[in-house]
Structure formats: C-alpha cells, structure tokens
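Below: the structure, in structure tokens.
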Amino acid sequence: MSARRFNAARVALLLAGIAMTGLSACKDPDPVAVVPTVQTPLPAYPAWAAPMIGKNLGRVLTGHGACLGVWDVVSVKHISKQPGSEAQGWGYDVAAKTAISHILFVNADNIVVGAGDGGVPRPDVARARADVTAINTGWRGVVGATEGKVLAVGVTSKNAGCNVGQYDLSATANS
C-alpha cells in the first residue's frame, strides 16, 4: 500500500473513531446563534499549533481517543483581511481522566484550520456530569474560517484526536 493510500486510510479510521466517540454533554450548541462580527484581525493561533495549521489531521495526530465535550459557541466572527471565528466549549479526556489542554479545528477536507487552549474553569460541567472529574475543562480557540462545518478535535494526553463537537459556521447569523 502506498504511503498516500495508507495515510488516507489512517485519516478515515481516525475520523470514524472520532465520530463514534463524540459523546454530547451539557447542551448542544444553538444551531442559529447570532454572532457579533468585527473588523479586527483574527487573533493569533497558539504557538504550539503553528506547525500544524494547514496540514492534514492524519499527519499531526497519531490515532483516536475517547473524549466528552461540546463546542458551545462561536463568540465572534472576524470579517477583516484575515477572517475567522473565535470559539468556546469544553473537553475531557476519558482515558486520562483530565481536561483537554489543546484543541484543533478541522474543516471538511480534514485540514487543520485553527487551534485553541484548554484550562478554562467550567465548574458547571463537573456539576452536571458525574463522569467528569476536572474543573478546568473549558477551552477557547481561533478558527481560520467563517463558513462551513468545522470539527473541534481534542488532543489527548497520547497525541490522539477525539471529537469535542462540530459547528456549522454557516448557520450563524451575523450581528
């Protein structure tokens, strides 16, 4: 099997695993949220993610893991020369029993189009779910897109990906 076909098969397995482990949490995102738009540039991606932006997900993660999580909201859309969206949610690595510390955003072509950091206090999640034992499960991220479906992928402690929510950026109304 050629390296290209092997990588395509690996990505397909990763995405299938992510889809199967995408357990929902406290609430699902509002499918037609009103999101403020601003003319300012998109904030920078986290430094750790810079080498991953623009690459196929299968080239940056080594497999799939199990997570709980939700992409709660798109908080702002940037419509300047560098468009994109700011997003928030929560994620929990089931195997490690710890909050997700890194998030990658992947478009429909499996290309990494953004990233974010975890560690944001979300005591509401731990109160609502007995299976989540960490308080700092919240994450915030930057997505280099304002339209289309984007998947938030938690990076587990074993450098594997796990689904923490999908969001249709096209379904948001601009304010």
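Ordering of the structure tokens sets the chain letters (A, B, ...); residue numbers start at 1 within each chain; ligands are numbered from 1 in the order shown.
The residues of segment 113-151 of chain A that DSSP classifies as strand (DSSP E or B), using the backbone of this structure, are A:Val113, A:Gly114, A:Ala115, A:Gly116, A:Asp117, A:Gly118, A:Gly119, A:Val120, A:Gly138, A:Trp139, A:Arg140, A:Gly141, A:Val142, A:Val143, A:Lys149, A:Val150, A:Leu151.
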Written file, previous selection with C-alpha atoms, as a short mmCIF file (atom, residue, chain, number, x, y, z; two decimals), in the first residue's frame:
data_model
loop_
_atom_site.label_atom_id
_atom_site.label_comp_id
_atom_site.auth_asym_id
_atom_site.auth_seq_id
_atom_site.Cartn_x
_atom_site.Cartn_y
_atom_site.Cartn_z
CA VAL A 113 -7.77 25.39 10.20
CA GLY A 114 -7.35 26.54 13.79
CA ALA A 115 -6.41 25.74 17.35
CA GLY A 116 -7.09 26.60 20.96
CA ASP A 117 -6.08 26.02 24.53
CA GLY A 118 -7.90 24.36 27.40
CA GLY A 119 -7.67 25.04 31.08
CA VAL A 120 -10.61 27.43 31.36
CA GLY A 138 -13.19 24.75 29.20
CA TRP A 139 -11.35 25.72 26.04
CA ARG A 140 -11.11 28.77 23.77
CA GLY A 141 -9.89 28.70 20.22
CA VAL A 142 -9.34 30.51 16.96
CA VAL A 143 -10.71 29.12 13.68
CA LYS A 149 -18.82 22.84 9.07
CA VAL A 150 -15.79 22.61 11.33
CA LEU A 151 -14.93 19.84 13.79
#
Task: Top pick for closest residue to Val125 of chain A, considering A:Ala50, A:Ala145, A:Thr156, A:Gly69 and counting only C-alpha atoms - done: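 Under the stated criterion, the closest residue is A:Gly69.
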Task: Who sits within 10 Å of Pro41 of chain A, only C-alpha atoms, same chain under 4 positions skipped, as a ChimeraX atom specification - done: /A:77-84
Convert the current residue selection to file output with C-alpha atoms, as an mmCIF file, in the first residue's frame.
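Result file is out-v8.cif:
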data_model
loop_
_atom_site.group_PDB
_atom_site.id
_atom_site.type_symbol
_atom_site.label_atom_id
_atom_site.label_comp_id
_atom_site.auth_asym_id
_atom_site.auth_seq_id
_atom_site.Cartn_x
_atom_site.Cartn_y
_atom_site.Cartn_z
ATOM 1 C CA LYS A 77 -16.591 36.428 13.720
ATOM 2 C CA HIS A 78 -13.758 38.483 12.263
ATOM 3 C CA ILE A 79 -14.536 39.804 8.771
ATOM 4 C CA SER A 80 -11.309 41.686 8.102
ATOM 5 C CA LYS A 81 -8.467 40.836 5.708
ATOM 6 C CA GLN A 82 -7.763 37.854 7.966
ATOM 7 C CA PRO A 83 -11.263 36.385 8.544
ATOM 8 C CA GLY A 84 -12.103 33.758 11.096
#
- [ ] State, in Å with one decimal place, the distance from atom CA of Trp90 of chain A to atom CA of Val70 of chain A.
- [x] 5.5 Å
Open item on the list: as a VMD selection string, please: the residues near Gly154 of chain A (cut-off 6 Å, only C-alpha atoms, same-chain neighbours under 2 positions excluded).
Closed with: chain A and resid 103 161 to 162
Writer output for current selection, N, CA and C atoms, as a PDB file, in the first residue's frame:
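For reference, again35.pdb as written:
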ATOM      1  N   ILE A 103      -6.838  22.009  21.556  1.00  0.00           N
ATOM      2  CA  ILE A 103      -7.919  21.769  20.590  1.00  0.00           C
ATOM      3  C   ILE A 103      -7.408  22.113  19.201  1.00  0.00           C
ATOM      4  N   GLY A 161      -6.519  12.167  18.588  1.00  0.00           N
ATOM      5  CA  GLY A 161      -7.627  13.098  18.436  1.00  0.00           C
ATOM      6  C   GLY A 161      -8.926  12.508  18.936  1.00  0.00           C
ATOM      7  N   CYS A 162      -9.774  13.377  19.479  1.00  0.00           N
ATOM      8  CA  CYS A 162     -11.099  12.943  19.919  1.00  0.00           C
ATOM      9  C   CYS A 162     -12.090  14.076  19.663  1.00  0.00           C
TER      10      CYS A 162
END
Task: Residue nearest Met52 of chain A among A:Thr98, A:Gln88, A:Asn110, A:Asn163 (counting only C-alpha atoms) - done: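 The shortest atom-to-atom distance to Met52 of chain A comes from A:Asn110.
Within segment 99-156 of chain A, the backbone-based DSSP assignment of alpha helix (DSSP H) covers Pro123, Asp124, Val125, Ala126, Arg127 and Ala128 of chain A.
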- [ ] Give me, please, the distance in Å between atom CA of Val60 of chain A and atom CA of Ser101 of chain A, quoted to one decimal.
- [x]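 Calculated distance between atom CA of Val60 of chain A and atom CA of Ser101 of chain A is 15.8 Å.
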TODO: Could you check how far atom CA of Ala66 of chain A sits from atom CA of Arg122 of chain A, in Å to one decimal?
DONE: 19.5 Å
